[in-house]
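Asks: Sharing a structure with you now.
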Amino acid sequence: MWVAGASVLALVDGMCATLKHSPAAGAGHSDPGVGVDGEVWSGGWVRVAVALVVAGQTMSFSLATNLSPPDGAAYVWLHAGLLVSALLVLALLGGPLVRECWASLRRRRVTVDLLFFVTLTGALAVSIYGSVQRLPCVYYELVAVLLAIYTVGKMLGARSRARALKAVEQMRQEHGVCRVVEASGREIRRSAGEVVAGMRVRVSPGEAVPVDGCIVEGRGWLETTPLTGELEPRVFGPGDEIWAGMRSLDGVLLIEVHAAAGARRLDRLLEGVAGAQVKPSRIQSKADRLAARFVPLVVLIGVSTFVGWYLASGLQAAVINSLAVAVVACPCALGLATPLGLWSGLVRLGRLGIVAGSGDFLENLATATTVIFDKTGTLFEPELGVRRLAMETGSPVEERELRGLLGAAEAGIDHPVAAALRRLGPDGVGEEWRQREVRVIPACGLEATVVNVRSGRVHGVWAGELAWIATRGGAAQGGAWEGDGGGRRIAVAIDRRLVAVVELEETPRVQTGRTFERMEELGLRLAILTGDRAFSDHVWPQVARKAGLTPEEKVSEVRRRQREGERVVFVGDGQNDAAALAVANASVALSHGAELARSSSMAVMSGESLDSLPEAIEVAREVNRAIRSNLWLAATYNLVGIAVAAAGWLHPVGAALLMAGSSIVVSARVVRGRVSQKVSRRD
């Protein structure tokens with residue numbers, strides 16, 4: 001078992017290092033050691049660290065005493081120290097396991113917790129017997145190793161759930177306060193839960209919309225990304241329906257409330273995320289089913305062996321042979337096969353830039369049949385890009401000068417279009433111009449006064465919708481307004497004359513097409529679900545797509561496919577993807593995405609390319625095959641050993657060696673798989 005324990009320690013160390021240093025790890029928390037309850041999380045890791053240190057020391061002494069036991073008082077003190085170390089770790093980490101086992105027994109259920117408990121008590125009993133009888137079969141370190149495995153798994157699962165619920169609560173709080181406008185015109189601040197239908201709420205530029213309702217006064221650009229995934233803001237005015245989760249960019253809006261906290265579309269989205277977090281682990285359920293068959297079988301065979309040998313040959317033979325059954329049946333390898341394989345796989349995914357907090361992700365990724373992508377921010381860059389800058393015939397300014405003027409005019413404006421126009425200017429050009437004053441016209445555009453810092457020349461700059469520019473005296477002279485109209489068009493006027501048209505568009509991510517090809521080679525179905533109302537069929541025409549979907553419709557589509565037998569992986573980055581990420585069989589959020597999306601997903605992927613996703617699926621499939629193979633091997637190994645021990649052909653010492661041997665074989669297969677993977681990557 002000391003070899004198995006050493007492998008576990010190495011994997012735990014590698015996994016923790018991956019989680020600590022990955023850019024995606026601990027998203028939303030400044031301290032990777034603080035998660036569930038801060039001090040509780042840190043305290044849990046301290047206890048695990050103590051257990052692993054004790055296990056490391058105990059392994060060395062157990063190996064030494066098994067190979068060359070000391071004599072006299074040294075033997076007594078050494079074995080007493082080993083027993084105390086095991087009991088110390090049991091006191092530090094064993095409480096939750098004992099409580100879970102007691103609860104399972106009260107519910108008359110056999111779970112994987114009982115599997116761990118049988119393993120621990122069997123190893124401890126055998127070790128005590130070996131110490132008393134001076135036999136080379138002491139494995140006190142197994143108590144520390146398996147308790148550390150059990151505790152780390154529980155902590156990671158609890159932290160993942162707590163982070164998702166914390167993100168849900170933070171979003172509720174962000175949209176939990178309203179500025180209610182009374183009939184007299186006076187504003188009062190109220191929580192969203194106190195607001196009822198029919199009240200009126202005011203939202204200023206830069207503020208989030210806290211209610212679902214209808215605009216009765218005001219007009220402006222609203223960012224709808226959290227609910228629809230659309231990157232470009234939309235113009236809303238009197239009579240338009242808007243929803244909590246949107247954000248006003250430039251307009252002061254008076255909204256008549258239709259739905260307040262608890263009945264908002266946003267609340268349904270958050271409830272979907274929170275509800276998905278309490279679903280039982282699929283791997284946990286499988287392990288429980290395995291334990292439900294294996295543990296009673298071991299107990300039955302052990303009791304039958306004792307009774308049979310007692311009747312046939314007396315008490316001594318009954319004790320020796322039933323003890324041999326208990327020792328060889330101790331399902332150490334069975335208990336190690338899954339966590340060793342899963343943690344090895346999680347470390348490998350971490351090297352690909354994908355950090356997962358649960359082994360379920362690996363299994364679900366391995367068995368996936370369909371991969372569904374969000375569009376905006378996932379398949380496309382999260383910022384608008386410039387598709388074309390077309391100058392009007394006879395423009396009074398050159399293109400280089402226009403770029404500098406636009407960059408200065410849009411400085412400091414919080415708007416996706418402004419951000420794209422600011423990136424137009426080449427290096428150094430914007431330094432010639434400074435913004436003197438600026439005014440944003442809600443739902444129309446921007447007007448600014450810009451001065452040249454060298455010559456002192458002053459220009460008026462207008463950028464926005466063509467119809468609005470025309471009211472400022474600008475009119476198309478020809479040339480610039482022609483084209484295929486494939487992108488969003490922004491008109492630019494200098495000193496009341498239309499001088500250019502800028503076409504903006506979303507830019508596909510690098511190598512996305514190649515990612516799709518590799519996934520199709522793996523036999524996966526592909527689909528794109530987006531909240532955007534329009535999505536060109538010319539981009540990746542081979543991939544099925546649905547546009548204009550709400551978050552609820554994305555969830556419905558995922559569930560429809562699941563009902564039809566598909567196992568779905570969802571890849572997204574926005575708040576509007578959170579519910580779909582939560583209900584998918586496996587889910588991946590991008591590290592730059594919304595906190596709610598990252599917390600709702602099973603894994604977070606760093607980097608700008610999706611190219612590592614197909615490789616991650618291959619790794620998951622390989623790990624899944626290895627785990628299944630190890631489980632069958634361990635189960636067969638144990639069952640053969642049990643049969644031999646029950647027949648009286650196996651001494652407890654030999655049983656202990658067989659138990660250790662099965663764990664060594666399982667551990668060696670995992671380590672060999674990791675080494676093979678490293679070699680293949682170097683090749």
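In the structure tokens, each chain is lettered A, B, ... as it comes, each chain's residues begin at 1, and ligands are numbered from 1 in order of appearance.
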May I have the residues within 9 Å of A:Gly648 as a VMD selection string, using only C-alpha atoms and disregarding those fewer than 4 positions away in the same chain?
Replies: chain A and resid 305 309 317 320 to 322 324 643 to 644
Asks: Can those selected residues be exported to a file as a short mmCIF file (atom, residue, chain, number, x, y, z; two decimals), in the first residue's frame so that it contains N, CA and C atoms?
Replies:
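In the end it all went to result.cif:
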data_model
loop_
_atom_site.label_atom_id
_atom_site.label_comp_id
_atom_site.auth_asym_id
_atom_site.auth_seq_id
_atom_site.Cartn_x
_atom_site.Cartn_y
_atom_site.Cartn_z
N THR A 305 -17.25 -17.89 6.18
CA THR A 305 -15.94 -18.53 6.35
C THR A 305 -15.68 -18.85 7.81
N TRP A 309 -15.40 -22.77 9.00
CA TRP A 309 -14.13 -23.29 9.54
C TRP A 309 -14.25 -23.57 11.04
N ALA A 317 -8.60 -22.00 13.37
CA ALA A 317 -8.71 -22.01 11.91
C ALA A 317 -9.76 -21.00 11.44
N ILE A 320 -8.19 -17.44 11.72
CA ILE A 320 -7.15 -17.19 10.71
C ILE A 320 -7.75 -17.04 9.32
N ASN A 321 -8.65 -17.95 8.95
CA ASN A 321 -9.19 -17.91 7.58
C ASN A 321 -10.17 -16.75 7.36
N SER A 322 -10.99 -16.46 8.36
CA SER A 322 -11.91 -15.32 8.19
C SER A 322 -11.13 -14.00 8.18
N ALA A 324 -8.10 -13.73 6.99
CA ALA A 324 -7.51 -13.68 5.65
C ALA A 324 -8.53 -13.15 4.63
N ALA A 643 -11.95 -15.92 -2.65
CA ALA A 643 -12.24 -17.35 -2.82
C ALA A 643 -11.10 -18.21 -2.30
N VAL A 644 -9.87 -17.81 -2.61
CA VAL A 644 -8.71 -18.58 -2.15
C VAL A 644 -8.61 -18.55 -0.62
#
Asks: Give me, as a PyMOL selection string, all polymer residues having an atom no more than 8 Å from stretch 613-621 of chain A, counting only C-alpha atoms and skipping those fewer than 5 positions away in the same chain.
Replies: chain A and resi 345+348-349+352+354+362-363+365-367+515+518-519+522
Asks: Which one is closest to A:Gln170: A:Ala103, A:Leu596, A:Val604, A:Met199? Count only C-alpha atoms.
Replies: A:Leu596
Asks: Which one is closest to A:Val623: A:Phe361, A:Tyr140, A:Phe306, A:Phe236? Count only C-alpha atoms.
Replies: A:Phe361
Asks: Would you mind listing what lies within 6 Å of A:Glu503 as a list in words, with only C-alpha atoms counted and same-chain residues fewer than 2 positions away left out?
Replies: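 Non-adjacent residues within range: Arg387, Arg388, Gly487, Arg488 and Arg489 of chain A.
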Asks: When you draw a straight line from atom CA of A:Val177 to atom CA of A:Glu553, how long is it in Å?
Replies: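 Interatomic distance, atom CA of A:Val177 to atom CA of A:Glu553: 27.5 Å.
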Asks: Which residues are near stretch 179-195 of chain A? Cut-off 7 Å, only C-alpha atoms, ignore same chain within fewer than 4 positions. Put them as a compact mmCIF listing (two decimals) with C-alpha atoms, in the first residue's frame.
Replies:
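Writing the result to out_25.txt gives the following:
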# COMPACT_ATOMS: atom_id res chain seq x y z
CA MET A 199 -44.81 50.93 -9.54
CA ARG A 200 -42.36 53.01 -11.53
CA VAL A 201 -38.58 52.67 -11.29
CA ARG A 202 -35.89 55.00 -12.65
CA PRO A 210 -33.55 45.68 -11.44
CA ALA A 260 -40.23 42.42 -9.34
CA ALA A 261 -37.82 40.17 -7.43
Asks: Show me, as a ChimeraX atom specification, the residues that have an atom within 10 Å of A:Thr370 when counting only C-alpha atoms, minus same-chain residues fewer than 5 positions from it.
Replies: /A:365,519-520,523-527,558,561-562,566-570,585
Asks: Now that the selection is made, can you save its residues with N, CA and C atoms as a PDB file, in the first residue's frame?
Replies:
ATOM      1  N   LEU A 365     -17.572  14.070 -19.937  1.00  0.00           N
ATOM      2  CA  LEU A 365     -16.888  14.496 -21.164  1.00  0.00           C
ATOM      3  C   LEU A 365     -16.543  13.284 -22.021  1.00  0.00           C
ATOM      4  N   MET A 519     -13.508  17.760 -33.709  1.00  0.00           N
ATOM      5  CA  MET A 519     -14.619  17.188 -32.952  1.00  0.00           C
ATOM      6  C   MET A 519     -15.472  16.275 -33.831  1.00  0.00           C
ATOM      7  N   GLU A 520     -15.662  16.662 -35.062  1.00  0.00           N
ATOM      8  CA  GLU A 520     -16.411  15.800 -35.977  1.00  0.00           C
ATOM      9  C   GLU A 520     -15.661  14.504 -36.226  1.00  0.00           C
ATOM     10  N   GLY A 523     -16.432  11.944 -33.792  1.00  0.00           N
ATOM     11  CA  GLY A 523     -17.793  11.418 -33.850  1.00  0.00           C
ATOM     12  C   GLY A 523     -18.813  12.219 -33.082  1.00  0.00           C
ATOM     13  N   LEU A 524     -18.531  13.482 -32.803  1.00  0.00           N
ATOM     14  CA  LEU A 524     -19.437  14.319 -32.014  1.00  0.00           C
ATOM     15  C   LEU A 524     -20.350  15.146 -32.912  1.00  0.00           C
ATOM     16  N   ARG A 525     -21.604  15.305 -32.467  1.00  0.00           N
ATOM     17  CA  ARG A 525     -22.506  16.242 -33.123  1.00  0.00           C
ATOM     18  C   ARG A 525     -22.217  17.648 -32.597  1.00  0.00           C
ATOM     19  N   LEU A 526     -22.360  18.656 -33.460  1.00  0.00           N
ATOM     20  CA  LEU A 526     -22.072  20.034 -33.072  1.00  0.00           C
ATOM     21  C   LEU A 526     -23.299  20.909 -33.286  1.00  0.00           C
ATOM     22  N   ALA A 527     -23.469  21.886 -32.421  1.00  0.00           N
ATOM     23  CA  ALA A 527     -24.581  22.835 -32.557  1.00  0.00           C
ATOM     24  C   ALA A 527     -24.180  24.158 -31.922  1.00  0.00           C
ATOM     25  N   VAL A 558     -31.208  22.074 -24.598  1.00  0.00           N
ATOM     26  CA  VAL A 558     -30.295  21.093 -23.992  1.00  0.00           C
ATOM     27  C   VAL A 558     -31.083  19.907 -23.444  1.00  0.00           C
ATOM     28  N   ARG A 561     -32.499  17.551 -26.147  1.00  0.00           N
ATOM     29  CA  ARG A 561     -31.494  16.638 -26.684  1.00  0.00           C
ATOM     30  C   ARG A 561     -31.183  15.519 -25.678  1.00  0.00           C
ATOM     31  N   GLN A 562     -31.174  15.855 -24.392  1.00  0.00           N
ATOM     32  CA  GLN A 562     -30.919  14.839 -23.377  1.00  0.00           C
ATOM     33  C   GLN A 562     -32.039  13.802 -23.350  1.00  0.00           C
ATOM     34  N   GLU A 566     -29.096  12.040 -26.126  1.00  0.00           N
ATOM     35  CA  GLU A 566     -27.793  12.664 -26.335  1.00  0.00           C
ATOM     36  C   GLU A 566     -27.191  13.071 -24.988  1.00  0.00           C
ATOM     37  N   ARG A 567     -25.873  12.980 -24.920  1.00  0.00           N
ATOM     38  CA  ARG A 567     -25.144  13.454 -23.748  1.00  0.00           C
ATOM     39  C   ARG A 567     -24.415  14.735 -24.152  1.00  0.00           C
ATOM     40  N   VAL A 568     -24.816  15.833 -23.529  1.00  0.00           N
ATOM     41  CA  VAL A 568     -24.491  17.167 -24.036  1.00  0.00           C
ATOM     42  C   VAL A 568     -23.370  17.823 -23.244  1.00  0.00           C
ATOM     43  N   VAL A 569     -22.397  18.370 -23.975  1.00  0.00           N
ATOM     44  CA  VAL A 569     -21.402  19.284 -23.417  1.00  0.00           C
ATOM     45  C   VAL A 569     -21.778  20.686 -23.882  1.00  0.00           C
ATOM     46  N   PHE A 570     -21.880  21.622 -22.946  1.00  0.00           N
ATOM     47  CA  PHE A 570     -22.211  23.012 -23.301  1.00  0.00           C
ATOM     48  C   PHE A 570     -20.996  23.879 -23.010  1.00  0.00           C
ATOM     49  N   ASN A 585     -24.780  17.803 -19.361  1.00  0.00           N
ATOM     50  CA  ASN A 585     -24.065  16.681 -18.756  1.00  0.00           C
ATOM     51  C   ASN A 585     -22.649  17.071 -18.370  1.00  0.00           C
TER      52      ASN A 585
END
Asks: From the list A:Val216, A:Val211, A:Ala49, A:Ala646, which residue is nearest A:Ala259 when using only C-alpha atoms?
Replies: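 Distance minimum relative to A:Ala259 lands on A:Val211.
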Asks: Find the distance between atom CA of A:Leu658 and atom CA of A:Asn630 and write it in Å to one decimal.
Replies: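 Interatomic distance, atom CA of A:Leu658 to atom CA of A:Asn630: 15.7 Å.
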Asks: Could you name the residues that touch A:Ala589 at 6 Å or less, counting only C-alpha atoms, but leaving out those on the same chain fewer than 2 positions away, as a ChimeraX atom specification?
Replies: /A:571-573,598,601,604
Asks: With N, CA and C atoms retained, could you export that selection as a PDB file, in the first residue's frame?
Replies:
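Final output, saved to selection.pdb:
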ATOM      1  N   VAL A 571     -20.647  24.723 -23.983  1.00  0.00           N
ATOM      2  CA  VAL A 571     -19.500  25.622 -23.850  1.00  0.00           C
ATOM      3  C   VAL A 571     -20.006  27.049 -23.984  1.00  0.00           C
ATOM      4  N   GLY A 572     -19.794  27.879 -22.962  1.00  0.00           N
ATOM      5  CA  GLY A 572     -20.294  29.258 -23.002  1.00  0.00           C
ATOM      6  C   GLY A 572     -19.494  30.169 -22.105  1.00  0.00           C
ATOM      7  N   ASP A 573     -19.905  31.441 -22.081  1.00  0.00           N
ATOM      8  CA  ASP A 573     -19.156  32.410 -21.273  1.00  0.00           C
ATOM      9  C   ASP A 573     -20.033  33.460 -20.601  1.00  0.00           C
ATOM     10  N   ARG A 598     -18.898  30.923 -14.922  1.00  0.00           N
ATOM     11  CA  ARG A 598     -17.773  30.125 -14.424  1.00  0.00           C
ATOM     12  C   ARG A 598     -18.187  29.271 -13.232  1.00  0.00           C
ATOM     13  N   SER A 601     -20.481  26.183 -14.223  1.00  0.00           N
ATOM     14  CA  SER A 601     -19.935  25.141 -15.086  1.00  0.00           C
ATOM     15  C   SER A 601     -19.118  24.137 -14.282  1.00  0.00           C
ATOM     16  N   VAL A 604     -13.489  25.226 -16.139  1.00  0.00           N
ATOM     17  CA  VAL A 604     -13.173  26.549 -16.680  1.00  0.00           C
ATOM     18  C   VAL A 604     -11.951  26.411 -17.577  1.00  0.00           C
TER      19      VAL A 604
END
Asks: Which value, in Å to one decimal, gives the distance between atom CA of A:Gly176 and atom CA of A:Ala582?
Replies: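 Going from atom CA of A:Gly176 over to atom CA of A:Ala582 covers 22.9 Å.
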Asks: I want to know what sits within 8 Å of A:Leu446, based on only C-alpha atoms, with residues of the same chain fewer than 3 positions away left out; could you give that as a list in words?
Replies: Val438, Arg439, Val440, Ile441, Trp462, Ala463 and Gly464 of chain A
Asks: If you run DSSP on this backbone, which residues of stretch 465-659 of chain A come out as strand (DSSP E or B), and could you give them as a VMD selection string?
Replies: chain A and resid 488 to 494 497 to 508 525 to 529 544 to 546 568 to 572 586 to 590 603 to 605
